[in-house]
Structures are given as structure tokens and as C-alpha cells.
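Okay, target-v2.cif now, which holds mmCIF, C-alpha atoms:
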data_data
loop_
_atom_site.label_atom_id
_atom_site.label_comp_id
_atom_site.auth_asym_id
_atom_site.auth_seq_id
_atom_site.Cartn_x
_atom_site.Cartn_y
_atom_site.Cartn_z
CA MET A 1 0.41 2.87 -0.30
CA ARG A 2 -0.63 0.06 2.01
CA ARG A 3 -0.67 2.15 5.13
CA THR A 4 -2.26 5.12 3.42
CA PHE A 5 -5.18 3.10 2.06
CA ALA A 6 -5.69 1.46 5.45
CA ALA A 7 -5.46 4.74 7.35
CA LEU A 8 -8.01 6.41 5.12
CA MET A 9 -10.29 3.38 5.27
CA ILE A 10 -10.76 3.59 9.06
CA LEU A 11 -12.02 7.18 9.08
CA PRO A 12 -15.64 6.24 8.29
CA ILE A 13 -17.40 4.19 10.95
CA LEU A 14 -20.33 2.86 8.98
CA ALA A 15 -20.93 1.03 5.70
CA VAL A 16 -23.46 -0.66 3.39
CA SER A 17 -24.50 -4.16 2.66
CA ALA A 18 -23.77 -4.38 -1.05
CA THR A 19 -22.02 -2.52 -3.83
CA PRO A 20 -24.47 -1.11 -6.38
CA ALA A 21 -23.63 -1.63 -9.99
CA MET A 22 -22.90 1.20 -12.37
CA GLY A 23 -26.07 2.76 -13.69
CA GLN A 24 -28.20 2.15 -10.62
CA SER A 25 -29.77 5.52 -10.03
CA PRO A 26 -30.90 6.65 -7.61
CA LEU A 27 -29.54 4.63 -4.71
CA GLU A 28 -32.09 2.84 -2.58
CA GLU A 29 -32.62 4.51 0.78
CA LYS A 30 -31.12 1.55 2.65
CA ASP A 31 -27.89 1.90 0.63
CA LYS A 32 -27.39 5.62 1.23
CA ALA A 33 -24.98 7.22 3.65
CA VAL A 34 -26.08 7.43 7.27
CA GLY A 35 -23.02 9.26 8.57
CA ALA A 36 -21.06 12.28 7.31
CA PHE A 37 -18.17 14.39 8.53
CA GLU A 38 -16.25 17.50 7.50
CA ILE A 39 -13.05 18.90 9.03
CA TYR A 40 -11.42 22.20 8.07
CA LEU A 41 -7.86 21.52 9.19
CA ASP A 42 -6.55 24.96 8.27
CA ARG A 43 -9.26 26.70 10.30
CA LEU A 44 -8.47 24.52 13.30
CA SER A 45 -4.72 24.99 13.15
CA SER A 46 -5.02 28.76 12.71
CA SER A 47 -7.38 29.29 15.66
CA ASP A 48 -6.05 31.18 18.66
CA ALA A 49 -7.09 28.35 20.98
CA VAL A 50 -5.02 25.75 19.11
CA LYS A 51 -2.08 28.12 18.90
CA ALA A 52 -2.30 28.77 22.64
CA SER A 53 -2.24 25.02 23.27
CA GLY A 54 0.85 24.57 21.11
CA ALA A 55 -0.92 21.79 19.22
CA GLU A 56 -0.89 23.32 15.73
CA ASP A 57 2.19 21.24 14.85
CA ALA A 58 1.38 18.25 17.05
CA ILE A 59 -1.12 16.43 14.81
CA PRO A 60 0.63 13.38 13.35
CA ASN A 61 0.41 12.63 9.65
CA PRO A 62 -1.43 9.45 8.58
CA PRO A 63 0.70 6.30 8.31
CA GLY A 64 2.45 5.92 4.99
CA GLY A 65 3.87 9.42 4.75
CA ASP A 66 2.05 10.35 1.54
CA VAL A 67 -0.23 13.01 3.03
CA ASP A 68 1.20 16.06 4.81
CA LEU A 69 -1.64 17.39 6.95
CA LYS A 70 -0.08 20.85 6.98
CA ALA A 71 -0.82 20.98 3.25
CA VAL A 72 -4.45 19.87 3.69
CA ARG A 73 -7.27 22.38 3.83
CA ARG A 74 -10.23 20.08 4.37
CA VAL A 75 -11.18 16.40 4.76
CA TYR A 76 -14.78 15.27 4.33
CA GLY A 77 -16.76 12.17 3.56
CA ALA A 78 -19.76 9.96 4.17
CA ALA A 79 -20.56 6.30 4.75
CA SER A 80 -23.53 3.97 4.96
CA ALA A 81 -24.52 1.09 7.24
CA PRO A 82 -23.57 -2.59 7.05
CA GLN A 83 -26.17 -5.34 7.02
CA ASP A 84 -24.86 -6.61 10.32
CA VAL A 85 -21.80 -6.58 12.55
CA ALA A 86 -20.76 -10.06 11.40
CA SER A 87 -20.37 -8.92 7.78
CA ILE A 88 -17.59 -6.57 8.85
CA GLU A 89 -15.99 -8.81 11.46
CA SER A 90 -15.77 -11.78 9.08
CA ARG A 91 -13.92 -9.92 6.32
CA GLN A 92 -10.37 -11.18 5.74
CA GLY A 93 -7.43 -10.16 3.59
CA THR A 94 -8.46 -8.60 0.30
CA ASP A 95 -12.12 -9.57 0.63
CA PRO A 96 -14.31 -6.73 -0.63
CA LEU A 97 -15.39 -4.44 2.14
CA ASP A 98 -19.09 -4.91 2.80
CA MET A 99 -19.63 -1.18 2.84
CA ASN A 100 -19.80 2.00 0.80
CA PHE A 101 -18.00 5.17 1.72
CA PHE A 102 -15.98 8.02 0.28
CA ILE A 103 -13.39 10.37 1.75
CA ARG A 104 -12.17 13.46 -0.04
CA ILE A 105 -8.96 15.31 0.84
CA GLN A 106 -8.80 18.90 -0.39
CA PHE A 107 -5.32 20.41 -0.39
CA LYS A 108 -4.30 24.05 -0.17
CA SER A 109 -2.73 23.86 -3.61
CA ALA A 110 -2.82 21.68 -6.71
CA ASP A 111 0.92 21.00 -6.37
CA ALA A 112 0.46 19.56 -2.87
CA ALA A 113 -2.46 17.43 -4.08
CA GLN A 114 -0.48 16.08 -7.03
CA LYS A 115 2.50 15.21 -4.83
CA ALA A 116 0.30 13.29 -2.39
CA TYR A 117 -1.57 11.57 -5.20
CA GLN A 118 1.61 10.36 -6.86
CA GLY A 119 2.86 8.95 -3.56
CA MET A 120 -0.41 7.15 -2.90
CA ALA A 121 -0.81 5.82 -6.44
CA GLU A 122 2.72 4.69 -7.23
CA LYS A 123 2.25 1.23 -5.73
CA GLY A 124 -1.39 0.91 -6.76
CA ARG A 125 -2.86 -0.93 -9.71
CA ALA A 126 -4.00 1.45 -12.44
CA GLU A 127 -7.46 0.82 -13.83
CA THR A 128 -9.35 2.78 -16.47
CA ILE A 129 -13.10 2.94 -15.94
CA ASN A 130 -15.32 4.85 -18.37
CA GLY A 131 -12.26 6.66 -19.69
CA LYS A 132 -11.06 7.86 -16.28
CA GLU A 133 -7.94 6.75 -14.38
CA TYR A 134 -8.31 5.09 -10.98
CA TYR A 135 -6.00 3.10 -8.74
CA ARG A 136 -6.71 0.04 -6.62
CA PRO A 137 -4.60 -1.21 -3.69
CA PRO A 138 -1.80 -3.67 -4.53
CA GLU A 139 -2.94 -7.27 -4.65
CA ASP A 140 -0.44 -8.27 -1.97
CA GLU A 141 -2.01 -5.92 0.58
CA ALA A 142 -4.55 -6.97 3.17
CA THR A 143 -6.71 -4.12 1.89
CA PRO A 144 -10.25 -4.52 0.54
CA SER A 145 -10.20 -5.03 -3.21
CA ASN A 146 -13.24 -2.80 -3.83
CA MET A 147 -11.45 0.43 -2.92
CA LEU A 148 -10.49 3.07 -5.45
CA LEU A 149 -8.27 6.17 -5.48
CA HIS A 150 -8.58 9.02 -7.98
CA MET A 151 -8.27 12.76 -8.51
CA VAL A 152 -11.59 14.61 -8.32
CA SER A 153 -10.14 18.01 -9.26
CA PRO A 154 -6.65 19.57 -9.31
CA ASP A 155 -6.63 20.03 -5.52
CA THR A 156 -8.79 17.11 -4.32
CA ILE A 157 -8.17 13.36 -3.95
CA GLU A 158 -10.92 10.82 -3.29
CA VAL A 159 -10.67 7.36 -1.72
CA GLY A 160 -13.74 5.17 -1.46
CA THR A 161 -15.57 2.02 -2.42
CA ASP A 162 -16.83 1.27 -5.89
CA GLY A 163 -20.43 1.62 -4.78
CA PHE A 164 -20.11 5.35 -4.09
CA VAL A 165 -17.14 6.39 -6.22
CA LEU A 166 -18.45 4.82 -9.45
CA HIS A 167 -22.18 5.26 -9.01
CA ASP A 168 -23.67 7.55 -11.63
CA SER A 169 -25.76 9.33 -9.01
CA ARG A 170 -23.96 10.90 -6.06
CA HIS A 171 -27.16 11.64 -4.14
CA VAL A 172 -25.69 9.57 -1.32
CA PHE A 173 -27.22 11.02 1.87
CA SER A 174 -30.22 9.28 3.41
CA ASP A 175 -33.24 11.54 3.78
CA ASN A 176 -32.75 11.70 7.53
CA LEU A 177 -29.03 12.51 7.25
CA LEU A 178 -29.66 15.17 4.63
CA ALA A 179 -32.27 16.86 6.84
CA ALA A 180 -29.82 16.85 9.76
CA TRP A 181 -26.87 18.13 7.70
CA LYS A 182 -28.84 21.08 6.33
CA LYS A 183 -29.34 22.31 9.92
CA MET A 184 -25.64 22.26 10.75
CA PRO A 185 -23.98 25.55 11.70
CA VAL A 186 -20.87 26.77 9.94
CA ALA A 187 -18.00 25.24 11.95
CA ALA A 188 -14.51 23.77 11.61
CA ILE A 189 -15.68 20.25 12.52
CA ARG A 190 -19.09 18.91 11.59
CA ILE A 191 -20.43 15.38 12.15
CA ALA A 192 -23.94 14.03 11.63
CA ALA A 193 -25.46 10.57 11.92
CA ASP A 194 -28.82 9.07 10.96
CA LEU A 195 -29.52 6.70 13.85
CA ASP A 196 -32.69 5.40 12.23
CA GLY A 197 -30.46 4.24 9.38
CA VAL A 198 -28.43 2.09 11.78
CA ARG A 199 -31.33 0.98 13.95
CA HIS A 200 -30.78 -2.65 12.93
CA LEU A 201 -27.20 -2.45 14.22
CA ILE A 202 -28.35 -0.86 17.47
CA ASP A 203 -30.84 -3.71 17.90
CA GLN A 204 -28.10 -6.26 17.23
CA GLY A 205 -25.92 -4.56 19.82
CA MET A 206 -28.69 -4.73 22.39
CA GLN A 207 -29.20 -8.43 21.65
CA MET A 208 -25.48 -9.06 22.12
CA ALA A 209 -25.54 -7.14 25.40
CA GLN A 210 -28.52 -9.15 26.65
CA ALA A 211 -26.72 -12.39 25.75
CA ASN A 212 -23.76 -11.28 27.84
CA GLY A 213 -25.52 -10.43 31.07
CA GLY A 214 -27.69 -7.51 30.02
CA VAL A 215 -27.19 -3.75 29.91
CA PRO A 216 -25.82 -2.31 33.19
CA PRO A 217 -28.46 -0.21 34.99
CA ALA A 218 -26.20 2.83 34.92
CA ALA A 219 -26.20 2.70 31.11
CA MET A 220 -29.97 2.53 30.68
CA PRO A 221 -30.51 6.33 30.46
CA ALA A 222 -28.00 6.52 27.61
CA VAL A 223 -29.67 3.56 25.92
CA ALA A 224 -33.03 5.32 26.22
CA MET A 225 -31.59 8.39 24.49
CA VAL A 226 -30.25 6.31 21.61
CA GLU A 227 -33.52 4.42 21.22
CA ASN A 228 -35.51 7.65 21.02
CA THR A 229 -33.12 9.60 18.78
CA GLY A 230 -33.57 9.69 15.02
CA ALA A 231 -30.46 11.74 14.22
CA ILE A 232 -27.50 13.37 15.96
CA ARG A 233 -25.43 16.31 14.83
CA LEU A 234 -22.29 17.76 16.38
CA ALA A 235 -20.21 20.80 15.45
CA LEU A 236 -17.03 22.27 17.00
CA ASP A 237 -15.27 25.54 16.30
CA PHE A 238 -12.61 27.48 18.21
CA SER A 239 -12.91 30.73 16.25
CA SER A 240 -16.61 31.57 16.43
CA ASP A 241 -18.78 32.85 19.28
CA SER A 242 -19.80 29.27 20.08
CA LEU A 243 -17.48 26.36 20.77
CA LEU A 244 -19.88 23.45 20.46
CA TRP A 245 -23.29 22.61 19.06
CA LEU A 246 -24.86 19.24 19.93
CA THR A 247 -28.36 18.24 18.84
CA PHE A 248 -30.43 15.10 19.35
CA THR A 249 -33.48 14.88 17.10
CA GLY A 250 -36.34 12.87 18.58
CA LYS A 251 -38.33 10.42 16.49
CA ASP A 252 -41.59 12.01 17.70
CA ASP A 253 -42.87 14.35 20.41
CA ALA A 254 -42.84 11.70 23.13
CA ALA A 255 -39.32 10.59 22.20
CA THR A 256 -38.14 14.21 22.24
CA GLY A 257 -39.51 14.63 25.75
CA THR A 258 -37.59 11.56 26.92
CA ILE A 259 -34.39 12.81 25.28
CA LYS A 260 -34.64 16.26 26.86
CA ALA A 261 -35.35 14.91 30.34
CA THR A 262 -32.47 12.44 30.13
CA PHE A 263 -30.03 14.93 28.61
CA ASP A 264 -30.92 17.53 31.24
CA GLY A 265 -30.20 14.90 33.89
CA PHE A 266 -26.76 14.17 32.46
CA LEU A 267 -25.94 17.89 32.30
CA ALA A 268 -27.09 18.42 35.89
CA MET A 269 -24.73 15.65 36.99
CA GLY A 270 -21.90 17.25 35.02
CA LYS A 271 -22.60 20.64 36.57
CA GLY A 272 -22.59 19.17 40.06
CA MET A 273 -19.26 17.45 39.53
CA GLY A 274 -17.78 20.58 37.97
CA GLN A 275 -18.91 22.79 40.81
CA GLN A 276 -17.31 20.43 43.32
CA MET A 277 -14.02 20.59 41.43
CA ALA A 278 -14.12 24.35 40.77
CA PRO A 279 -12.40 25.46 44.02
CA SER A 280 -9.38 23.33 43.17
CA ILE A 281 -8.90 24.93 39.73
CA PRO A 282 -5.76 27.10 39.83
CA GLY A 283 -5.98 30.74 38.80
CA GLN A 284 -8.85 33.21 38.66
CA ASN A 285 -9.03 33.18 34.84
CA LEU A 286 -9.37 29.41 34.67
CA GLN A 287 -12.03 29.47 37.38
CA LYS A 288 -13.94 32.21 35.56
CA VAL A 289 -13.90 30.39 32.22
CA ALA A 290 -14.84 27.07 33.83
CA GLY A 291 -17.69 28.73 35.72
CA GLU A 292 -19.13 30.32 32.56
CA MET A 293 -18.96 27.03 30.67
CA LEU A 294 -20.65 25.14 33.51
CA ALA A 295 -23.41 27.76 33.65
CA ALA A 296 -24.02 27.27 29.90
CA LEU A 297 -24.75 23.54 30.28
CA GLN A 298 -28.46 23.72 29.58
CA THR A 299 -30.63 22.54 26.72
CA THR A 300 -33.16 24.25 24.51
CA GLN A 301 -35.85 22.61 22.41
CA ASP A 302 -36.90 23.53 18.88
CA GLY A 303 -39.59 21.18 17.62
CA ASN A 304 -38.09 17.70 17.94
CA ASP A 305 -34.53 19.05 18.22
CA VAL A 306 -32.95 19.08 21.69
CA ASN A 307 -29.97 21.43 21.51
CA LEU A 308 -26.91 22.23 23.60
CA VAL A 309 -24.89 25.26 22.49
CA LEU A 310 -21.73 26.02 24.45
CA PRO A 311 -20.53 29.62 24.00
CA ARG A 312 -16.86 30.57 23.84
CA PRO A 313 -16.17 32.50 27.05
CA GLU A 314 -14.02 35.60 27.09
CA GLY A 315 -10.49 34.56 28.04
CA PHE A 316 -10.92 31.03 26.64
CA GLU A 317 -7.69 31.12 24.62
CA ALA A 318 -5.69 32.36 27.60
CA ALA A 319 -7.23 29.62 29.72
CA ILE A 320 -6.16 27.00 27.19
CA GLY A 321 -2.64 28.38 27.31
CA GLU A 322 -2.66 28.08 31.11
CA ILE A 323 -4.19 24.64 31.41
CA VAL A 324 -2.01 22.80 28.86
CA PRO A 325 1.20 23.16 30.91
CA LEU A 326 -0.71 22.03 34.00
CA VAL A 327 -2.02 18.93 32.25
CA MET A 328 1.37 18.13 30.77
CA GLY A 329 2.98 18.60 34.17
CA ALA A 330 0.46 16.29 35.78
CA MET A 331 1.08 13.66 33.09
CA MET A 332 4.83 13.87 33.52
CA GLY A 333 4.45 13.72 37.27
CA GLY A 334 2.35 10.60 36.95
CA MET A 335 4.96 9.00 34.73
CA LYS A 336 7.72 9.79 37.22
CA GLY A 337 5.69 8.74 40.23
CA GLY A 338 4.52 5.43 38.85
CA PRO A 339 0.88 4.25 38.80
CA GLY A 340 -1.40 6.30 40.64
CA GLY A 341 -25.41 29.35 16.88
CA PRO A 342 -27.71 30.09 14.04
CA ALA A 343 -27.68 27.48 11.31
CA GLY A 344 -25.24 28.18 8.48
CA GLU A 345 -26.02 28.37 4.79
CA ASP A 346 -27.34 25.18 3.22
CA PRO A 347 -24.16 23.34 2.13
CA PHE A 348 -26.11 21.73 -0.71
CA GLY A 349 -27.30 24.97 -2.27
CA GLY A 350 -24.78 25.09 -5.11
CA GLY A 351 -25.24 24.26 -8.75
CA ALA A 352 -23.98 21.29 -10.73
CA GLY A 353 -20.33 20.57 -10.10
CA GLU A 354 -20.27 22.42 -6.79
CA ASP A 355 -18.31 21.03 -3.87
CA PRO A 356 -20.64 18.56 -2.08
CA PHE A 357 -20.12 20.28 1.28
CA GLY A 358 -20.29 23.87 0.06
CA GLY A 359 -16.54 24.46 -0.24
CA ASN A 360 -16.84 26.39 -3.50
CA ALA A 361 -18.74 28.94 -1.45
CA ASP A 362 -16.37 28.58 1.49
CA PRO A 363 -18.04 29.82 4.70
CA PHE A 364 -14.61 30.88 5.97
CA GLY A 365 -13.80 33.13 3.03
CA ALA A 366 -11.02 31.15 1.38
CA PRO A 367 -10.97 31.38 -2.44
CA PRO A 368 -12.71 28.51 -4.22
CA ALA A 369 -10.60 25.79 -5.75
CA ASP A 370 -10.31 25.93 -9.54
CA ALA A 371 -12.30 22.97 -10.80
CA ALA A 372 -10.92 21.27 -13.88
CA PRO A 373 -13.19 21.12 -16.93
CA GLY A 374 -15.30 18.01 -16.63
CA ALA A 375 -14.57 17.55 -12.93
CA ASP A 376 -16.71 14.93 -11.22
CA ALA A 377 -20.27 15.91 -10.41
CA ASP A 378 -21.31 16.83 -6.90
CA PRO A 379 -21.60 13.59 -4.87
CA PHE A 380 -24.88 14.85 -3.50
CA GLY A 381 -26.36 15.57 -6.88
CA ASN A 382 -26.56 19.36 -6.87
#

Would you mind writing the file out in C-alpha cells?
Amino acid sequence: MRRTFAALMILPILAVSATPAMGQSPLEEKDKAVGAFEIYLDRLSSSDAVKASGAEDAIPNPPGGDVDLKAVRRVYGAASAPQDVASIESRQGTDPLDMNFFIRIQFKSADAAQKAYQGMAEKGRAETINGKEYYRPPEDEATPSNMLLHMVSPDTIEVGTDGFVLHDSRHVFSDNLLAAWKKMPVAAIRIAADLDGVRHLIDQGMQMAQANGGVPPAAMPAVAMVENTGAIRLALDFSSDSLLWLTFTGKDDAATGTIKATFDGFLAMGKGMGQQMAPSIPGQNLQKVAGEMLAALQTTQDGNDVNLVLPRPEGFEAAIGEIVPLVMGAMMGGMKGGPGGPAGEDPFGGGAGEDPFGGNADPFGAPPADAAPGADADPFGN
């Protein structure tokens, strides 16, 4: 129980300043989520690229042993931003976490979900809130006391803080995050962040850097990108025509121009380094795939969105199968030798009770999970 709660707690990166009380609806903008993620584990593990790498069975289960990732279909969640860095760093023991987040784990079957839930809950402290059963971490754990565990539906478990799990409105995305998420393509991994929502933390980070000698000149272009970006979104998929989508959304036209110029500069540097290394890549297939991917390193602009879309080259899976043994061989040698696409459907388009990330209308064709009567409402309010 201890390790499972802790392992699930570290998945979100961001959090909020205070826990809203029950009945506060809607959440204030400053208390809403500024980061969200979604991972389809079954789509990843079944892709030809992952199979070619031999990594489909290599992903370790979370500490605690309660969750078998082979039985998990999808993991998704969202989190908001802390007041400051100190509020997180100063937390000790069972002090409430100065944050709000939720993580949902959807299993491939109700039996697998129930087995995991029983393992996670058996050492927890049962608590009935508004007629529903929840579990808190044991009091002897160094785990935040404002975390809850419960079953959302027969195949889905949720872990999160009181402020999101118990709030009567689950419209938890900030306006900026919601706008970014709606533009996401259908993909196995999707991540989005509202940088305007964490601007105060970015400013604190800059102040800390200045107090410790300043920002290194080589890092200034990256800093400029962050300062001019309102939102970032990233998607990865090994089974579609595109491997990667990366978008920086500028705060205005001038900011977008700065982002594009800086991003183009980074990509040009990457191309140059790749072209220098290309002759040393073993095998014609690997060289061909690497060359096509290098050639695709270029941005496009759509309004204030600066986009990079990396297509999946023909022969990509075979190349993965060839390169993994080379990498492993190089690692073993080092040990022995000593040091030296178009946007997908709106995931929020469902009706009341729909999966908050569109899972009831699964973009990958899997049958929808059977929701129990009275299952929790959509965290995003649809």
C-alpha cells in the first residue's frame, strides 16, 4: 500500500495551492489543472516497433506489486500548479500535499481491476464520504494524508487528492489546457501543459537561477522559448503514420515568431549533428530510416501553433529491431571495458458519464468499458 500510493503520487508533476472544499463549483481558474497525460499501455505494447525492440515485457511494475501493468489498458490524469516551490519542498511525513491531482488506471477487465484495488486498499483506512467508500493511506506511512483511493467504475481505479476527487464539479482543466488538449491527435501517449498556468513557478526558477550565478548563455534560447510559450502539447505513437507530434503555442504573434525561429535553430543543429554521424550508422536500412527522419525535422506554423510532426518511415520497425542489439552490445561493452497528423476527435465530446479522455468512444476501436449504474461523473464535466 505504502509503495503503491507513493509510486502513483509521483506521476503528476504539478499541483495546486489549496484543497477546495466540497460544494465549491466551479473551481477557480488558478486551482484548475495545468498539466494532463494519457497513456494507452496496450496500444504501446502491441505495436510492431515495441515488439521488434523486445521491450513489450520489459516495463517494470510500480513498487508495491499491486498493479500488473500487463493487465492495464490505460493510465491518465491531470494536476494543477503549486503556489511556490517551497510549499512542496517543505512538506514532511503525512503533511497534506499542497496540490490537487488525480490519476485513473483503467484495466482490461473488471476482475483485474478488483484484484489490484483489493491489494491497494487492504492496508488503507476506509472512509465513507457522501455514501461512497474511499481509502486513505495508513497513518504510519510518510504519505500525504489528503490522498484518496476509490473505484470509479468496475474496471477503473482512481488515486488523487481530496480537492479533485471529492469536488462536485470535475471541470478541472484550465482554459488554456483545455484548448491545447482539444487539438491533440489520436495517439498512444499524449501530454499537454499550460505554461501560463505555471508562469509564477517559471519566474521563481529564473530568480533562483539568477541568485546562483545566472542562466548559462547556452541555455538562453531555451529560456526564450519557455517565456514565449503559452502551452505545449506532445503526442507519440508507434502504430500510426506519424511517430511524434510536438507543438509550442505562442502567447501572441511576436512570441510565436520567436518560438519558430528558435525551434528552427535547434532543429538545424540536430540535423547537422545527425548528418555528421550518418556515415557511421551500420546498415543501409538504418541509414535510410535515419536519413528520412533527419529530413523531416522541420516546423510548420498554424496561427500561433509551431508544429513538428515526425512521420514513421518505411522500415522503422526493422530498424528498431536492428539498433536495439547494437545499443545493448555497446552498453555491455562499456560495462566490460570500464569507464569510457490531423487532430483527432474532441476527447471531451461525450455526454454525461463519459470517460473524461474519450475512452468510451475509444479511438483505437476497443469496446467501451461497462460503466456501473451511478458511476462517477466525467471529471471534465461533460

Kindly indicate which residue among A:Ala290, A:Leu177, A:Val306, A:Met273 lies nearest to A:Lys260, using only C-alpha atoms for the distances.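 The shortest atom-to-atom distance to A:Lys260 comes from A:Val306.
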
Evaluate the PyMOL selection byres ((chain A and resi 289) around 9) here and jot the selected residues down as a VMD selection string. chain A and resid 284 to 288 290 to 294 312 to 316 319

So how far away is atom CA of A:Thr229 from atom CA of A:Arg199, in Å? 10.0 Å

Separation of atom CA of A:Gln118 and atom CA of A:Tyr134, in Å? 12.0 Å

Taking only C-alpha atoms into account, name the residue in A:Pro311, A:Gly274, A:Pro96, A:Gly77 that is nearest to A:Phe164.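 So, comparing all the options, the nearest one is A:Gly77.
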
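Atom CA of A:Phe102 is found 13.8 Å from atom CA of A:Pro144.
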
Could you write out as a PDB file with C-alpha atoms, keeping the file's coordinate frame the residues that the PyMOL selection byres ((chain A and resi 307-309) around 7) matches in the shown file?
ATOM      1  CA  SER A 242     -19.800  29.270  20.080  1.00  0.00           C
ATOM      2  CA  LEU A 244     -19.880  23.450  20.460  1.00  0.00           C
ATOM      3  CA  TRP A 245     -23.290  22.610  19.060  1.00  0.00           C
ATOM      4  CA  LEU A 246     -24.860  19.240  19.930  1.00  0.00           C
ATOM      5  CA  THR A 247     -28.360  18.240  18.840  1.00  0.00           C
ATOM      6  CA  PHE A 248     -30.430  15.100  19.350  1.00  0.00           C
ATOM      7  CA  GLN A 298     -28.460  23.720  29.580  1.00  0.00           C
ATOM      8  CA  THR A 299     -30.630  22.540  26.720  1.00  0.00           C
ATOM      9  CA  THR A 300     -33.160  24.250  24.510  1.00  0.00           C
ATOM     10  CA  GLN A 301     -35.850  22.610  22.410  1.00  0.00           C
ATOM     11  CA  ASP A 305     -34.530  19.050  18.220  1.00  0.00           C
ATOM     12  CA  VAL A 306     -32.950  19.080  21.690  1.00  0.00           C
ATOM     13  CA  LEU A 310     -21.730  26.020  24.450  1.00  0.00           C
ATOM     14  CA  PRO A 311     -20.530  29.620  24.000  1.00  0.00           C
ATOM     15  CA  GLY A 341     -25.410  29.350  16.880  1.00  0.00           C
TER      16      GLY A 341
END

Identify which of the residues A:Val72, A:Leu97, A:Met208, A:Val85 lies closest to A:Ser109, counting all atoms listed in the file when measuring atom-to-atom distances.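 Nearest candidate to A:Ser109 out of A:Val72, A:Leu97, A:Met208, A:Val85: A:Val72.
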
Once the PyMOL selection byres ((chain A and resi 44) around 9) is applied to the coordinates I shared, what remains selected? I want it as a PyMOL selection string. chain A and resi 39-43+45-50+56+188-189+237-239

Mind checking which residues fall within 10 Å of A:Asn146, counting all atoms listed in the file, ignoring those fewer than 5 positions away in the same chain, and posting them as a PDB file with C-alpha atoms, in the coordinates of the input?
ATOM      1  CA  THR A  19     -22.020  -2.520  -3.830  1.00  0.00           C
ATOM      2  CA  THR A  94      -8.460  -8.600   0.300  1.00  0.00           C
ATOM      3  CA  ASP A  95     -12.120  -9.570   0.630  1.00  0.00           C
ATOM      4  CA  PRO A  96     -14.310  -6.730  -0.630  1.00  0.00           C
ATOM      5  CA  LEU A  97     -15.390  -4.440   2.140  1.00  0.00           C
ATOM      6  CA  ASP A  98     -19.090  -4.910   2.800  1.00  0.00           C
ATOM      7  CA  MET A  99     -19.630  -1.180   2.840  1.00  0.00           C
ATOM      8  CA  ASN A 100     -19.800   2.000   0.800  1.00  0.00           C
ATOM      9  CA  ARG A 136      -6.710   0.040  -6.620  1.00  0.00           C
ATOM     10  CA  PRO A 137      -4.600  -1.210  -3.690  1.00  0.00           C
ATOM     11  CA  GLY A 160     -13.740   5.170  -1.460  1.00  0.00           C
ATOM     12  CA  THR A 161     -15.570   2.020  -2.420  1.00  0.00           C
ATOM     13  CA  ASP A 162     -16.830   1.270  -5.890  1.00  0.00           C
ATOM     14  CA  GLY A 163     -20.430   1.620  -4.780  1.00  0.00           C
TER      15      GLY A 163
END
